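Reproduced below: upload26.cif, with mmCIF, C-alpha atoms.
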data_upload
#
loop_
_atom_site.label_atom_id
_atom_site.label_comp_id
_atom_site.auth_asym_id
_atom_site.auth_seq_id
_atom_site.Cartn_x
_atom_site.Cartn_y
_atom_site.Cartn_z
CA GLN Q 1 133.15 79.15 93.10
CA GLU Q 2 130.31 81.48 94.00
CA GLY Q 3 130.72 83.56 90.86
CA TYR Q 4 131.28 87.27 90.46
CA THR Q 5 129.48 89.86 92.55
CA LEU Q 6 126.92 91.50 90.28
CA PHE Q 7 126.59 94.62 92.42
CA ASP Q 8 127.50 95.94 95.81
CA PRO Q 9 125.17 98.91 96.45
CA VAL Q 10 121.66 98.11 95.24
CA PHE Q 11 119.99 100.77 93.09
CA SER Q 12 116.24 100.91 93.65
CA SER Q 13 113.94 103.59 92.29
CA GLN Q 14 111.43 102.69 95.01
CA PRO Q 15 111.63 102.91 98.83
CA PRO Q 16 113.42 100.06 100.63
CA GLY Q 17 110.40 98.15 101.92
CA PHE Q 18 110.05 95.69 99.07
CA PRO Q 19 113.78 94.85 98.62
CA GLU Q 20 114.04 94.25 102.36
CA THR Q 21 110.93 92.05 102.30
CA LEU Q 22 112.39 90.05 99.42
CA ALA Q 23 115.72 89.74 101.23
CA LEU Q 24 113.94 88.38 104.32
CA ALA Q 25 111.97 85.91 102.20
CA PHE Q 26 115.16 84.79 100.43
CA ASP Q 27 116.91 84.25 103.78
CA LEU Q 28 114.01 82.17 105.09
CA PHE Q 29 113.03 80.14 102.02
CA GLY Q 30 115.90 80.39 99.51
CA ASP Q 31 117.00 82.98 96.97
CA ASN Q 32 115.23 81.94 93.79
CA VAL Q 33 112.55 83.24 91.47
CA LEU Q 34 109.84 81.04 92.99
CA VAL Q 35 110.22 82.67 96.42
CA GLY Q 36 109.95 86.13 94.85
CA ARG Q 37 106.75 85.12 93.13
CA GLU Q 38 105.37 83.57 96.31
CA VAL Q 39 105.72 86.95 98.04
CA ALA Q 40 103.54 88.48 95.32
CA VAL Q 41 101.03 85.60 95.52
CA ALA Q 42 100.76 85.93 99.30
CA SER Q 43 100.26 89.69 98.92
CA SER Q 44 97.50 89.14 96.35
CA VAL Q 45 95.70 86.78 98.75
CA VAL Q 46 95.83 89.51 101.41
CA VAL Q 47 94.47 92.00 98.86
CA LEU Q 48 91.52 89.74 98.04
CA GLY Q 49 90.80 89.14 101.71
CA ALA Q 50 90.93 92.85 102.55
CA VAL Q 51 88.68 93.74 99.60
CA GLY Q 52 86.20 91.06 100.71
CA TRP Q 53 86.18 92.46 104.25
CA ILE Q 54 85.66 96.04 103.02
CA GLY Q 55 82.91 94.91 100.64
CA GLY Q 56 81.09 93.10 103.42
CA ARG Q 57 81.17 96.25 105.55
CA LEU Q 58 79.98 98.46 102.69
CA ALA Q 59 76.81 96.64 101.62
CA GLY Q 60 76.38 93.53 103.73
CA LEU Q 61 78.06 90.14 104.06
CA PRO Q 62 76.96 88.80 100.61
CA THR Q 63 78.98 91.62 99.02
CA ALA Q 64 82.24 90.09 100.28
CA PRO Q 65 82.50 87.13 97.85
CA ALA Q 66 81.22 89.34 95.03
CA ALA Q 67 84.00 91.86 95.72
CA VAL Q 68 86.64 89.11 95.76
CA LEU Q 69 85.33 87.74 92.45
CA CYS Q 70 85.16 91.18 90.83
CA LEU Q 71 88.78 91.90 91.76
CA ALA Q 72 90.15 88.44 90.90
CA LEU Q 73 88.61 88.22 87.41
CA PRO Q 74 90.57 90.97 85.58
CA LEU Q 75 93.72 89.64 83.96
CA ALA Q 76 95.60 92.78 85.06
CA PHE Q 77 95.25 91.62 88.67
CA PHE Q 78 96.08 88.01 87.80
CA ARG Q 79 99.29 89.04 86.04
CA GLN Q 80 100.46 91.27 88.88
CA SER Q 81 99.65 88.64 91.50
CA GLN Q 82 102.51 86.42 90.32
CA ILE Q 83 105.19 88.96 89.41
CA ALA Q 84 107.84 89.82 92.00
CA MET Q 85 107.23 93.58 92.00
CA PRO Q 86 106.36 95.93 94.88
CA ASP Q 87 102.91 96.93 93.57
CA MET Q 88 100.95 94.06 95.08
CA LEU Q 89 102.63 94.21 98.50
CA ALA Q 90 102.06 97.97 98.74
CA LEU Q 91 98.43 97.53 97.70
CA ALA Q 92 97.92 94.78 100.29
CA LEU Q 93 99.24 96.92 103.14
CA SER Q 94 97.21 99.98 102.12
CA LEU Q 95 94.02 97.89 101.89
CA LEU Q 96 94.71 96.44 105.33
CA ALA Q 97 94.98 100.02 106.60
CA ALA Q 98 91.58 100.79 105.07
CA ALA Q 99 90.09 97.63 106.62
CA VAL Q 100 91.40 98.65 110.06
CA LEU Q 101 89.99 102.19 109.77
CA LEU Q 102 86.51 101.24 108.54
CA PRO Q 103 83.80 102.94 110.65
CA THR Q 104 82.31 101.09 113.59
CA ARG Q 105 79.45 101.92 115.98
CA GLY Q 106 81.74 104.29 117.84
CA PRO Q 107 84.56 106.55 116.65
CA ALA Q 108 87.85 104.91 115.75
CA THR Q 109 90.12 104.36 118.74
CA LEU Q 110 93.57 105.89 118.86
CA ALA Q 111 95.09 102.40 118.68
CA ARG Q 112 93.22 101.61 115.44
CA CYS Q 113 94.28 104.94 113.95
CA ALA Q 114 97.90 104.30 114.90
CA LEU Q 115 97.75 100.79 113.41
CA GLY Q 116 96.26 102.20 110.21
CA GLY Q 117 99.05 104.77 110.05
CA LEU Q 118 101.70 102.08 110.52
CA LEU Q 119 100.24 99.88 107.78
CA PHE Q 120 99.97 102.78 105.35
CA ALA Q 121 103.52 103.88 106.15
CA PHE Q 122 104.78 100.36 105.38
CA ALA Q 123 102.80 100.48 102.12
CA LEU Q 124 104.49 103.75 101.14
CA LEU Q 125 107.86 102.25 102.04
CA CYS Q 126 107.16 99.51 99.48
CA LYS Q 127 105.97 101.74 96.64
CA LEU Q 128 104.85 105.36 96.40
CA LEU Q 129 102.18 104.37 93.88
CA VAL Q 130 99.68 103.91 96.74
CA ALA Q 131 100.09 107.52 97.92
CA PRO Q 132 96.57 108.56 96.74
CA MET Q 133 95.12 106.08 99.26
CA ALA Q 134 95.88 108.73 101.89
CA LEU Q 135 92.74 110.71 101.02
CA PRO Q 136 90.14 107.93 101.55
CA LEU Q 137 92.00 106.79 104.67
CA LEU Q 138 91.82 110.27 106.16
CA LEU Q 139 88.11 110.38 105.37
CA LEU Q 140 87.56 107.12 107.28
CA ILE Q 141 89.08 108.65 110.41
CA PHE Q 142 86.20 111.18 110.54
CA LEU Q 143 83.44 108.57 110.17
CA SER Q 144 81.47 106.28 112.44
CA GLU Q 145 78.55 103.88 111.91
CA ASP Q 146 75.05 104.25 113.29
CA GLY Q 147 72.57 101.52 114.24
CA ASP Q 148 71.22 101.27 110.68
CA GLY Q 149 74.65 100.63 109.18
CA ARG Q 150 74.92 104.11 107.66
CA TRP Q 151 78.13 106.05 108.01
CA ARG Q 152 78.06 109.39 109.82
CA VAL Q 153 80.59 112.17 110.27
CA ARG Q 154 81.98 112.13 113.81
CA GLY Q 155 84.15 115.20 114.27
CA THR Q 156 84.54 114.79 118.04
CA GLY Q 157 88.09 113.70 118.78
CA ALA Q 158 89.10 113.81 115.10
CA PRO Q 159 92.28 115.89 115.69
CA SER Q 160 93.63 113.32 118.16
CA ARG Q 161 92.81 110.47 115.77
CA LEU Q 162 94.53 112.28 112.92
CA PHE Q 163 97.53 112.92 115.15
CA ALA Q 164 97.78 109.22 116.10
CA PHE Q 165 97.53 108.21 112.42
CA GLY Q 166 100.20 110.68 111.29
CA LEU Q 167 102.53 110.19 114.25
CA ALA Q 168 102.65 106.40 113.94
CA GLY Q 169 103.21 106.56 110.19
CA GLY Q 170 105.78 109.35 110.45
CA ILE Q 171 107.83 107.57 113.12
CA CYS Q 172 107.77 104.35 111.07
CA ILE Q 173 108.99 106.09 107.90
CA PHE Q 174 111.66 108.05 109.81
CA LEU Q 175 113.07 104.98 111.56
CA VAL Q 176 113.26 102.95 108.35
CA VAL Q 177 114.67 105.68 106.11
CA SER Q 178 117.20 106.87 108.72
CA ALA Q 179 118.91 103.47 108.51
CA TYR Q 180 119.98 104.28 104.95
CA ASP Q 181 122.23 106.88 103.38
CA LEU Q 182 119.80 109.78 103.00
CA PRO Q 183 121.46 111.52 100.00
CA SER Q 184 121.55 108.22 98.11
CA ALA Q 185 117.94 107.47 99.04
CA TYR Q 186 116.89 110.90 97.79
CA ASP Q 187 118.81 110.46 94.53
CA GLN Q 188 117.36 107.01 93.87
CA VAL Q 189 113.73 107.64 94.83
CA VAL Q 190 112.99 111.36 94.44
CA ALA Q 191 115.59 112.73 92.02
CA PHE Q 192 115.38 109.66 89.79
CA ARG Q 193 111.59 109.94 89.55
CA THR Q 194 111.84 113.65 88.79
CA ALA Q 195 114.37 113.00 86.03
CA ALA Q 196 112.26 110.17 84.61
CA ARG Q 197 109.21 112.40 84.58
CA GLU Q 198 111.11 115.10 82.71
CA ALA Q 199 112.57 112.58 80.26
CA TYR Q 200 109.24 110.90 79.45
CA GLY Q 201 107.22 114.09 79.62
CA LEU Q 202 103.91 114.45 81.40
CA ASP Q 203 100.79 114.10 79.26
CA ALA Q 204 97.74 113.77 81.50
CA LEU Q 205 95.34 113.16 78.60
CA LYS Q 206 97.59 110.43 77.21
CA ASN Q 207 97.69 108.76 80.63
CA LEU Q 208 93.91 108.88 80.92
CA ARG Q 209 93.52 107.46 77.41
CA LEU Q 210 95.83 104.58 78.37
CA VAL Q 211 93.75 103.85 81.48
CA TRP Q 212 90.56 103.94 79.42
CA GLN Q 213 92.10 101.69 76.77
CA LEU Q 214 92.90 99.15 79.47
CA ALA Q 215 89.40 99.52 80.95
CA ARG Q 216 87.76 98.76 77.60
CA ASP Q 217 88.83 95.14 77.80
CA ALA Q 218 86.44 92.60 79.31
CA PRO Q 219 85.92 91.87 82.15
CA GLU Q 220 87.31 95.28 83.13
CA LEU Q 221 84.63 96.95 81.00
CA GLY Q 222 81.97 94.85 82.71
CA LEU Q 223 83.32 95.98 86.09
CA VAL Q 224 83.13 99.62 85.01
CA VAL Q 225 79.49 99.16 83.94
CA LEU Q 226 78.59 97.38 87.19
CA ALA Q 227 80.42 100.07 89.17
CA ALA Q 228 78.43 102.76 87.38
CA VAL Q 229 75.26 100.92 88.44
CA GLY Q 230 76.46 100.20 91.97
CA LEU Q 231 77.53 103.71 92.98
CA PRO Q 232 74.02 105.28 92.69
CA LEU Q 233 72.51 102.31 94.56
CA LEU Q 234 75.14 102.61 97.28
CA LEU Q 235 74.57 106.38 97.37
CA VAL Q 236 70.94 105.77 98.32
CA ARG Q 237 71.81 103.13 100.92
CA ASN Q 238 74.94 104.69 102.43
CA PRO Q 239 75.94 108.10 100.96
CA LEU Q 240 79.25 108.44 102.80
CA ALA Q 241 80.30 104.93 101.75
CA ALA Q 242 79.66 105.93 98.12
CA ALA Q 243 81.65 109.13 98.74
CA PHE Q 244 84.50 107.00 100.13
CA LEU Q 245 84.66 104.91 96.94
CA CYS Q 246 84.35 107.98 94.70
CA LEU Q 247 87.15 109.78 96.56
CA TRP Q 248 89.31 106.65 96.35
CA GLY Q 249 88.78 106.28 92.61
CA LEU Q 250 89.17 110.01 91.91
CA ALA Q 251 92.41 110.24 93.90
CA ALA Q 252 93.85 107.22 92.08
CA GLU Q 253 92.79 108.60 88.68
CA LEU Q 254 94.31 112.04 89.34
CA PHE Q 255 97.52 110.41 90.57
CA LEU Q 256 97.84 108.30 87.43
CA ALA Q 257 97.06 111.34 85.26
CA SER Q 258 99.93 113.25 86.88
CA TYR Q 259 102.37 110.30 86.94
CA ALA Q 260 105.07 109.64 84.38
CA PRO Q 261 105.73 107.15 82.97
CA VAL Q 262 102.48 105.18 83.32
CA PHE Q 263 102.58 101.48 82.50
CA ALA Q 264 99.80 98.94 82.08
CA HIS Q 265 100.34 97.35 85.49
CA HIS Q 266 99.64 100.66 87.26
CA VAL Q 267 95.95 100.13 86.55
CA ILE Q 268 95.74 97.84 89.59
CA LEU Q 269 95.61 101.01 91.68
CA LEU Q 270 92.11 101.60 90.27
CA LEU Q 271 90.87 98.02 90.43
CA PRO Q 272 89.92 97.80 94.16
CA PRO Q 273 87.48 100.76 94.26
CA VAL Q 274 85.99 99.71 90.90
CA ALA Q 275 85.63 96.10 92.07
CA LEU Q 276 83.99 97.22 95.33
CA ALA Q 277 81.54 99.48 93.50
CA ALA Q 278 80.77 96.66 91.07
CA ALA Q 279 80.19 94.21 93.93
CA CYS Q 280 77.84 96.70 95.59
CA GLY Q 281 76.01 96.95 92.24
CA LEU Q 282 75.60 93.19 92.13
CA ARG Q 283 74.47 92.91 95.74
CA LEU Q 284 72.12 95.89 95.85
CA GLY Q 285 70.88 95.35 92.29
CA VAL Q 286 69.93 91.74 92.95
CA HIS Q 287 68.25 92.78 96.20
CA LEU Q 288 66.32 95.52 94.41
CA VAL Q 289 65.19 93.37 91.46
CA ALA Q 290 64.54 90.08 93.22
CA GLY Q 291 62.45 91.18 96.18
CA ARG Q 292 61.71 88.80 99.06
CA GLY Q 293 60.14 85.40 99.70
CA ARG Q 294 59.76 82.78 96.98
CA ARG Q 295 59.71 85.47 94.31
CA GLY Q 296 62.99 86.75 95.71
CA PHE Q 297 64.57 83.30 95.62
CA TRP Q 298 63.67 82.68 91.98
CA GLY Q 299 64.60 86.22 91.05
CA LYS Q 300 68.06 85.91 92.57
CA THR Q 301 68.53 82.51 90.93
CA PHE Q 302 67.63 83.98 87.55
CA VAL Q 303 69.97 86.95 87.96
CA LEU Q 304 72.90 84.77 89.04
CA ALA Q 305 72.22 82.28 86.23
CA ALA Q 306 72.47 85.17 83.77
CA LEU Q 307 75.53 86.79 85.35
CA VAL Q 308 77.79 83.75 85.78
CA PRO Q 309 77.86 82.75 82.06
CA LEU Q 310 78.30 86.42 81.16
CA ALA Q 311 81.30 86.71 83.48
CA CYS Q 312 82.84 83.50 82.09
CA TRP Q 313 82.33 84.72 78.54
CA GLY Q 314 83.92 88.06 79.43
CA LEU Q 315 86.95 86.38 80.95
CA ALA Q 316 87.38 84.10 77.92
CA TRP Q 317 87.08 87.06 75.55
CA SER Q 318 89.60 89.02 77.58
CA ALA Q 319 92.10 86.15 77.56
CA GLU Q 320 91.67 85.64 73.82
CA ARG Q 321 92.18 89.34 73.16
CA ASN Q 322 95.29 89.48 75.35
CA LEU Q 323 96.79 86.49 73.58
CA ALA Q 324 95.98 87.99 70.19
CA ASP Q 325 97.72 91.26 71.13
CA ALA Q 326 100.82 89.52 72.53
CA PRO Q 327 103.99 90.08 70.47
CA ASP Q 328 105.17 87.10 68.48
CA HIS Q 329 108.78 86.35 69.39
CA GLY Q 330 110.07 83.31 67.55
CA ASP Q 331 112.07 80.77 69.51
CA PRO Q 332 115.75 80.46 68.58
CA THR Q 333 116.77 77.57 66.41
CA GLN Q 334 118.59 74.62 67.96
CA LYS Q 335 121.93 75.94 66.72
CA GLU Q 336 121.24 79.40 68.12
CA ALA Q 337 120.07 77.95 71.44
CA ILE Q 338 123.25 75.88 71.85
CA ALA Q 339 125.35 78.95 71.02
CA LEU Q 340 123.48 81.02 73.63
CA ILE Q 341 123.96 78.36 76.31
CA GLU Q 342 127.69 78.15 75.57
CA LEU Q 343 127.96 81.95 75.60
CA ILE Q 344 126.25 82.20 78.99
CA ARG Q 345 128.41 79.45 80.50
CA ALA Q 346 131.58 81.01 79.11
CA HIS Q 347 131.00 84.47 80.58
CA THR Q 348 129.28 83.65 83.88
CA GLU Q 349 129.87 81.47 86.89
CA PRO Q 350 127.49 79.14 88.77
CA GLY Q 351 125.40 81.18 91.15
CA ASP Q 352 125.36 84.29 88.96
CA LEU Q 353 122.07 85.94 88.04
CA VAL Q 354 121.75 86.50 84.30
CA ALA Q 355 119.35 89.13 82.94
CA GLY Q 356 118.10 88.51 79.41
CA ASP Q 357 115.24 87.51 77.16
CA ALA Q 358 116.52 83.97 76.54
CA GLN Q 359 114.98 82.58 79.73
CA MET Q 360 115.01 78.93 78.70
CA GLN Q 361 118.65 79.10 77.62
CA ILE Q 362 119.62 80.81 80.88
CA PHE Q 363 117.89 77.99 82.77
CA ALA Q 364 119.54 75.32 80.59
CA ALA Q 365 122.93 76.90 81.32
CA GLY Q 366 122.33 76.43 85.04
CA ARG Q 367 122.03 80.10 85.88
CA GLY Q 368 119.32 82.03 87.74
CA THR Q 369 117.43 85.17 86.73
CA PRO Q 370 116.50 88.22 88.81
CA PRO Q 371 113.07 87.67 90.43
CA ASN Q 372 111.43 90.58 88.57
CA LEU Q 373 112.18 89.06 85.17
CA VAL Q 374 109.16 86.78 84.73
#
Represent the supplied structure as C-alpha cells.
Amino acid sequence: QEGYTLFDPVFSSQPPGFPETLALAFDLFGDNVLVGREVAVASSVVVLGAVGWIGGRLAGLPTAPAAVLCLALPLAFFRQSQIAMPDMLALALSLLAAAVLLPTRGPATLARCALGGLLFAFALLCKLLVAPMALPLLLLIFLSEDGDGRWRVRGTGAPSRLFAFGLAGGICIFLVVSAYDLPSAYDQVVAFRTAAREAYGLDALKNLRLVWQLARDAPELGLVVLAAVGLPLLLVRNPLAAAFLCLWGLAAELFLASYAPVFAHHVILLLPPVALAAACGLRLGVHLVAGRGRRGFWGKTFVLAALVPLACWGLAWSAERNLADAPDHGDPTQKEAIALIELIRAHTEPGDLVAGDAQMQIFAAGRGTPPNLV
C-alpha cells in the first residue's frame, strides 16, 4: 500500500521555482527530508562562493575569505543553510546575478546582462523576497572598472544592456508562469500575500525594531560595527562600490519595513551586504593600520590575533544566548510516546507524510515528514 494521497493540487504561497527544484531533486536522489536539506546546503555553498567573489572584486583578493567568514558566522545564516525553504536558493541565484554583472574594464556585454537577467528571474521564481536586489543589479549595468580598480559610470550602450537584462528575465518568467494555471497562481502568490498583509497589518517601525533586535546579537552586532567602519573606508577607495552596498542594504531594509509578516529568517536578506561591508572594513582597516614591510607584517599579525579570539567569543556568546532563549518543550513520557506512535500508525499508511511536533514519534512510527518541518 502506498498510503493515501495527501493532496492533489499543491498550494504554494511562493512562485513555482523552489517546489519544482525540490521535485527534481527528489526524482534524482529520493524523496526524503535529507535531500530537501541538501538542496539548501548546496545553495548556501553557492551563496558563500558568490559573496567571496564579490568581496574580492570590491576590495582585493584578501577580502574574499573575510567576506565568506563574515557571512558564515551569524547563526541566522547557519540555520537557514540547512532548512528546506526557498530563501537560500533565491539568495544564491540573485548573488550569482550580481557576480555576473560586476563591473569589468569594459562595459558589460549583452550576453552578461542577459545571463544576469536570467539568474535574477530564476531567483524571483523561487521567492519574491529577493525583489529588492533589482536596484543594485540595475546599478551594476551602468558601471565599468578603470585601470586603478575604481568603478565608473558608463552610460554608453546602457539602454541596450538594460533591454537585454529585462528581456531575458521577462521571457524566463513568462515561459515558466505560463505553464501553470494563471488564476490559481495569482490567487496563491499575489492575492494570498495581499490578504496576509491585511490580516497581520503593516507596521514598518515594528518590522525595523525586529530587524534591529536580531542585529543586536553577536556576531551580527560585530558585523554591523565592522560594516560601519568598512563603508567609509570603501567610500574613499571606491565610491561607487560603497554606493552599491549602501543601495543594496537600503533596498533590503525598505522592503522588510514594508513587508508583512516579517519573520526572523528574513534577516538573511540583509546579511550579504552587511558581511561584504564588514569584510571591506577588515581588509582596508588592516591595510590602513598595519602599513608595509616588516612593520606591516607584525601589525597584521597583531590585528588578526586580536580579531580571531573576538570572533570566536562572539560566536560562543551568540550560541549561548540563542539556546537560552529557546522555548523549553518537555519530551513526552514513555506512555505518551507509545500512545502517539500507535495513534500515528492507526490513522496513516506507510509512505504518508505526517506533519506534527512529535518528530521522534513520527520517525519511530515509520512515517516521513514534509521537508520544511525541521
- Item | Result set, the PyMOL selection byres ((chain Q and resi 62) around 10) on current file, as a ChimeraX atom specification | /Q:52,55-57,59-61,63-67,279-280,282-284
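Using all atoms listed in the file, the residues found no farther than 12 Å from His265 of chain Q, other than those of its own chain fewer than 5 positions away, are Pro74, Leu75, Ala76, Phe77, Phe78, Arg79, Gln80, Ser81, Ile83, Met85, Pro86, Asp87, Met88, Leu129, Leu210, Val211, Leu214, Leu256, Leu270 and Leu271 of chain Q.
Proximity of Q:Ser160, Q:Val190, Q:Arg209, Q:Glu253 to Leu269 of chain Q, computed with all atoms listed in the file, is greatest for Q:Glu253.
Using all atoms listed in the file for every distance, the candidate list Q:Trp53, Q:Tyr180, Q:Phe142, Q:Phe363 yields Q:Trp53 as the residue closest to Val68 of chain Q.
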- Between Q:Val274, Q:Leu119, Q:Val225, Q:Leu95, single out the one closest to Gly170 of chain Q, counting all atoms listed in the file.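 The closest residue to Gly170 of chain Q is Q:Leu119.
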